[in-house]
Amino acid sequence: MRAEPGEKQVAITGIGQSDVTRGTDRWPIDLTIDACLAAIADAGLSRADIDGVATWPGPRSELTGFSPVGAAQLQDALRLRVGWYNGTGETSGQLGAMFNAIGAIAAGLANHVIVFRTVYEAQARRLRRFANAMARSADRVEGAHAWYAPYWSLGAATQQALYFARYVHESGATEEQVAQIALNGRRNARLNPKAIYREPMSMEDYLASRWISTPLRLFDCDVPCDGSTAIVLSRRDLAADLPNRPIRFEAIGSALRDRNSWAQLENLATQATPSPAAMLWNRTDLKPADVDVAELYDGFSFHALVWLEAFGFCDRFEAPAFVEGGSRIALDGELPLNTSGGQLSAGRLHGYGQVHEACAQLWGRCAERQVPGAPQVAVTSTAGGPLAGCVLLVRE
Amino acid sequence: MSAPRPLPVLTPSTAAFWTRGEHGELCIYRCRDCGYYVHPPAGFCPRCEGRDVAPATVSGRATVVSCTVNHQQWEPGLPVPYVLALVEIEEQSDVRLVTNIVGCPVDEVHIGMRVRVLFEQQEDVWVPLFEPDPAR
């Protein structure tokens, strides 16, 4: 008999989010404080109760906007007294911060951990046009990116386009099928007051959008924004006394069974998604058919297709047919997908927007875009090359 | 494509890859015990667990496993459109190189295309690029 997975000892007890904007005069740390204080209050806790902090990927240069705030800055600003903290990028993608927090709680290092992710990419671009380019010609490049940068692989889109091209080559996905991810997101964003883009998008609009790096069009790429999202993770036995019905971590997927390299990982078409998805289903008795709502990473549109397959909602390379026409993934469909608009329309909150939305759906807070029937089970994921992680959430 | 490229910092383990083009050679580290190519370089062979790994000259022939035509002007002066590709070297399919494909119209590059190496010097770096291989 296996030991009970550690994530089952942990629950989400509160969520918070700052304003989400395309440019702001507010500081990254202030957006982060907005999100964290909102999440702590939502959990029915106070600052003094928070004894752990986690973020991904830790502090980078504030000028790039990618990750302007680390654990230390937030911890000091709020004068948190912690038993444990962590902010690192070398983990299973953006959700790695959550996995680390789960480990800390299950190990008895902390009781209530604030997990956050702050982005400032829209404002950073207003200040410096090429703020979030991955390399500049003027600088010599070190580390893993030194293998790519000499070829003007300057943004995530060019790397991702190589995976997308391989996915299209192997799956035969059509442009009209892939478009459904963007069109579905925009339909849902129209019902989300905080979404960045809310005007209607038609198939013609999608097909007319310009190429970024083939087969990626502009509308396949998520929208840089400024904002912070925070999630409170609590020891499950303490969560029962708090105001929100606990959302427990039914299972997580953190495995990486491909090579840990953007160029060398074995399966270009799926990227690293199959092994964390398989791990997740190995840690629960629930099945894909039990999932009520899916908030799947859509940093680029096709990521959501790859995750639909990895989770087993359809067979490998069947996701383009699964989403065809859009009705199956609509709010009233059999698997509502990216109900806030996803990153394509609601903003690139880098996986944490999806976690926030999953919890809001499970707590029935989504007003016009609320999935009918009081959803109880949600799945969410993040992806990108060798980075991949996923979470199955159940409202008690 | 004459705009300056972002250049790599040359380290003891990467210098052979980026500089042996001066002699027309594409160098990939290889296990001297079993012949397995190890890329990116590390002093360990994952196949035979040998520790004697050294730069070896390969044929320079490769196959495109994925490619994209980039149209986005990521920074001023970038010569768009250009082809970014992943190629696997002829000697071993699990050694992939990120590269640009040059010497043909961008829309002629495709998955499965046979290519061969050429080098473009910039400062002290000979950047390995690939072009269509007329011999195959």
# chains A, B, ... in the order shown; residues from 1 in each chain; ligands from 1
>>> interface_residues(of="chain A", to="chain B", cutoff="10 Å", atoms="only C-alpha atoms", output="MDAnalysis selection string")
chainID A and resid 129:130 132:155 157:167 169 210:218 261:266 268:269
>>> select_by_dssp(residues="stretch 1-45 of chain A", states="alpha helix (DSSP H)", output="ChimeraX atom specification")
/A:28-42
>>> closest_residue(among="A:Ser46, A:Thr174, A:Thr382, A:Gln75", to="A:Ala319", atoms="only C-alpha atoms")
A:Thr174
>>> closest_residue(among="B:Gly24, B:Gly50, B:Pro55, B:Pro134", to="B:Val117", atoms="only C-alpha atoms")
B:Gly24
>>> atom_distance(atom1="atom CA of A:Gly16", atom2="atom CA of A:Arg60")
22.5 Å
>>> select_by_dssp(residues="stretch 71-101 of chain A", states="strand (DSSP E)", output="number ranges by chain")
A: 84-87
>>> write_last_selection(atoms="C-alpha atoms", output="PDB file, in the first residue's frame")
ATOM      1  CA  TRP A  84       9.798  28.351   5.359  1.00  0.00           C
ATOM      2  CA  TYR A  85      10.056  30.283   2.079  1.00  0.00           C
ATOM      3  CA  ASN A  86      11.120  29.616  -1.500  1.00  0.00           C
ATOM      4  CA  GLY A  87      11.332  31.362  -4.858  1.00  0.00           C
TER       5      GLY A  87
END
>>> residues_around(residues="A:Arg236", least_positions_apart="6", cutoff="10 Å", atoms="only C-alpha atoms", output="number ranges by chain")
A: 7-13, 105-106, 111-112, 246-249
>>> closest_residue(among="B:Glu120, B:Glu131, B:Pro46, B:Arg51", to="B:Glu22", atoms="only C-alpha atoms")
B:Glu120
>>> atom_distance(atom1="atom CA of A:Ile15", atom2="atom CA of A:Gln376")
16.7 Å
>>> residues_around(residues="stretch 251-259 of chain A", least_positions_apart="2", cutoff="6 Å", atoms="only C-alpha atoms", output="MDAnalysis selection string")
chainID A and resid 92 249 261 265:266 275:277 279:280 283 389:392
>>> write_last_selection(atoms="N, CA and C atoms", output="compact mmCIF listing (two decimals), in the first residue's frame")
# COMPACT_ATOMS: atom_id res chain seq x y z
N SER A 92 9.05 22.37 -11.77
CA SER A 92 8.15 21.88 -12.83
C SER A 92 7.24 22.97 -13.38
N PHE A 249 -6.16 19.64 -2.76
CA PHE A 249 -5.34 19.15 -3.85
C PHE A 249 -5.57 17.64 -3.95
N SER A 261 15.64 19.91 -21.42
CA SER A 261 16.28 20.82 -22.38
C SER A 261 15.24 21.23 -23.41
N LEU A 265 14.47 17.75 -25.54
CA LEU A 265 13.41 16.91 -24.96
C LEU A 265 12.85 15.99 -26.05
N GLU A 266 12.52 14.75 -25.64
CA GLU A 266 12.29 13.70 -26.62
C GLU A 266 11.14 14.00 -27.56
N SER A 275 4.08 13.17 -18.97
CA SER A 275 4.46 12.55 -17.71
C SER A 275 3.82 13.20 -16.48
N PRO A 276 3.72 14.53 -16.39
CA PRO A 276 2.98 15.05 -15.24
C PRO A 276 1.50 14.68 -15.26
N ALA A 277 0.89 14.62 -16.45
CA ALA A 277 -0.53 14.24 -16.51
C ALA A 277 -0.71 12.79 -16.04
N MET A 279 1.23 11.16 -14.01
CA MET A 279 1.48 11.14 -12.56
C MET A 279 0.23 11.58 -11.80
N LEU A 280 -0.40 12.64 -12.30
CA LEU A 280 -1.61 13.15 -11.63
C LEU A 280 -2.67 12.06 -11.54
N ARG A 283 -2.35 9.34 -8.89
CA ARG A 283 -2.45 9.71 -7.47
C ARG A 283 -3.89 9.97 -7.04
N GLY A 389 3.54 21.18 -15.42
CA GLY A 389 3.00 20.75 -14.15
C GLY A 389 1.49 20.86 -14.20
N CYS A 390 0.81 20.12 -13.32
CA CYS A 390 -0.65 20.16 -13.34
C CYS A 390 -1.21 19.82 -11.97
N VAL A 391 -2.45 20.23 -11.76
CA VAL A 391 -3.10 20.12 -10.46
C VAL A 391 -4.56 19.73 -10.67
N LEU A 392 -5.04 18.82 -9.85
CA LEU A 392 -6.45 18.45 -9.85
C LEU A 392 -7.04 18.92 -8.52
>>> atom_distance(atom1="atom CA of A:Phe219", atom2="atom CA of A:Arg26")
27.6 Å
>>> closest_residue(among="A:Val371, A:Leu95, A:Ile40, A:Ala272", to="A:Gly384", atoms="only C-alpha atoms")
A:Ala272
>>> closest_atom_pairs(of="stretch 229-303 of chain A", to="stretch 313-316 of chain A", cutoff="10 Å", atoms="only C-alpha atoms", output="Markdown table")
| residue | atom | partner | partner_atom | distance |
| --- | --- | --- | --- | --- |
| A:Thr270 | CA | A:Arg316 | CA | 9.0 |
| A:Lys287 | CA | A:Phe313 | CA | 9.5 |
| A:Pro288 | CA | A:Phe313 | CA | 6.0 |
| A:Ala289 | CA | A:Phe313 | CA | 7.6 |
| A:Val291 | CA | A:Phe313 | CA | 9.4 |
>>> residues_around(residues="A:Tyr206", least_positions_apart="6", cutoff="8 Å", atoms="only C-alpha atoms", output="ChimeraX atom specification")
/A:179,182-183,219
>>> closest_residue(among="B:Ala62, B:Val80, B:Cys31, B:Ala15", to="B:Arg47", atoms="only C-alpha atoms")
B:Cys31
>>> closest_residue(among="B:Ala54, B:Pro105, B:Val64, B:Arg114", to="B:Ser13", atoms="only C-alpha atoms")
B:Ala54
>>> decode(residues="stretch 61-97 of chain B", atoms="N, CA and C atoms", output="short mmCIF file (atom, residue, chain, number, x, y, z; two decimals), in the first residue's frame")
data_model
loop_
_atom_site.label_atom_id
_atom_site.label_comp_id
_atom_site.auth_asym_id
_atom_site.auth_seq_id
_atom_site.Cartn_x
_atom_site.Cartn_y
_atom_site.Cartn_z
N ARG B 61 26.26 16.84 -41.90
CA ARG B 61 24.97 16.57 -42.54
C ARG B 61 23.90 16.37 -41.47
N ALA B 62 22.69 16.84 -41.77
CA ALA B 62 21.63 16.82 -40.77
C ALA B 62 20.27 16.84 -41.46
N THR B 63 19.22 16.61 -40.66
CA THR B 63 17.85 16.60 -41.16
C THR B 63 17.01 17.54 -40.32
N VAL B 64 16.16 18.32 -40.98
CA VAL B 64 15.28 19.25 -40.26
C VAL B 64 14.18 18.46 -39.55
N VAL B 65 14.08 18.62 -38.22
CA VAL B 65 12.98 17.96 -37.48
C VAL B 65 11.86 18.94 -37.15
N SER B 66 12.14 20.23 -37.12
CA SER B 66 11.07 21.22 -37.06
C SER B 66 11.62 22.56 -37.54
N CYS B 67 10.72 23.40 -38.01
CA CYS B 67 11.16 24.70 -38.53
C CYS B 67 10.03 25.71 -38.44
N THR B 68 10.40 26.97 -38.37
CA THR B 68 9.43 28.06 -38.32
C THR B 68 9.99 29.25 -39.10
N VAL B 69 9.12 29.96 -39.77
CA VAL B 69 9.52 31.20 -40.43
C VAL B 69 9.13 32.35 -39.49
N ASN B 70 10.15 32.99 -38.94
CA ASN B 70 9.87 34.08 -38.01
C ASN B 70 9.66 35.39 -38.77
N HIS B 71 8.54 36.05 -38.48
CA HIS B 71 8.21 37.33 -39.12
C HIS B 71 8.30 38.49 -38.13
N GLN B 72 8.41 38.20 -36.86
CA GLN B 72 8.32 39.24 -35.85
C GLN B 72 9.64 40.00 -35.73
N GLN B 73 9.55 41.32 -35.70
CA GLN B 73 10.74 42.16 -35.56
C GLN B 73 11.06 42.27 -34.07
N TRP B 74 11.78 41.28 -33.54
CA TRP B 74 12.02 41.24 -32.10
C TRP B 74 12.92 42.37 -31.63
N GLU B 75 13.79 42.85 -32.52
CA GLU B 75 14.62 44.00 -32.18
C GLU B 75 14.98 44.72 -33.47
N PRO B 76 15.41 45.99 -33.38
CA PRO B 76 15.69 46.75 -34.60
C PRO B 76 16.76 46.06 -35.45
N GLY B 77 16.57 46.09 -36.75
CA GLY B 77 17.59 45.59 -37.66
C GLY B 77 17.53 44.10 -37.93
N LEU B 78 16.59 43.42 -37.29
CA LEU B 78 16.50 41.97 -37.48
C LEU B 78 16.06 41.68 -38.92
N PRO B 79 16.78 40.77 -39.62
CA PRO B 79 16.50 40.55 -41.05
C PRO B 79 15.33 39.58 -41.28
N VAL B 80 14.12 40.00 -40.89
CA VAL B 80 12.95 39.13 -41.08
C VAL B 80 12.51 39.12 -42.54
N PRO B 81 11.87 38.04 -43.05
CA PRO B 81 11.67 36.78 -42.32
C PRO B 81 12.93 35.91 -42.36
N TYR B 82 13.07 35.06 -41.35
CA TYR B 82 14.17 34.10 -41.35
C TYR B 82 13.67 32.77 -40.79
N VAL B 83 14.41 31.72 -41.11
CA VAL B 83 14.00 30.38 -40.68
C VAL B 83 14.79 29.95 -39.46
N LEU B 84 14.08 29.65 -38.39
CA LEU B 84 14.67 29.01 -37.22
C LEU B 84 14.29 27.53 -37.31
N ALA B 85 15.26 26.67 -37.06
CA ALA B 85 14.99 25.23 -37.21
C ALA B 85 15.67 24.44 -36.11
N LEU B 86 15.15 23.25 -35.92
CA LEU B 86 15.83 22.23 -35.12
C LEU B 86 16.27 21.16 -36.12
N VAL B 87 17.55 20.82 -36.09
CA VAL B 87 18.03 19.75 -36.98
C VAL B 87 18.64 18.66 -36.12
N GLU B 88 18.53 17.41 -36.60
CA GLU B 88 19.23 16.31 -35.92
C GLU B 88 20.40 15.90 -36.81
N ILE B 89 21.55 15.68 -36.17
CA ILE B 89 22.74 15.37 -36.97
C ILE B 89 22.65 13.94 -37.50
N GLU B 90 23.31 13.74 -38.65
CA GLU B 90 23.21 12.44 -39.32
C GLU B 90 23.73 11.31 -38.43
N GLU B 91 24.74 11.60 -37.61
CA GLU B 91 25.38 10.55 -36.82
C GLU B 91 24.50 10.01 -35.70
N GLN B 92 23.57 10.86 -35.16
CA GLN B 92 22.82 10.42 -33.98
C GLN B 92 21.56 11.26 -33.84
N SER B 93 20.40 10.61 -33.89
CA SER B 93 19.15 11.38 -34.00
C SER B 93 18.81 12.16 -32.73
N ASP B 94 19.38 11.77 -31.59
CA ASP B 94 19.04 12.54 -30.38
C ASP B 94 20.03 13.66 -30.09
N VAL B 95 20.82 14.05 -31.07
CA VAL B 95 21.60 15.28 -30.96
C VAL B 95 20.94 16.30 -31.88
N ARG B 96 20.27 17.26 -31.26
CA ARG B 96 19.57 18.28 -32.04
C ARG B 96 20.27 19.62 -31.87
N LEU B 97 20.32 20.37 -32.95
CA LEU B 97 20.89 21.71 -32.92
C LEU B 97 19.81 22.71 -33.32
#
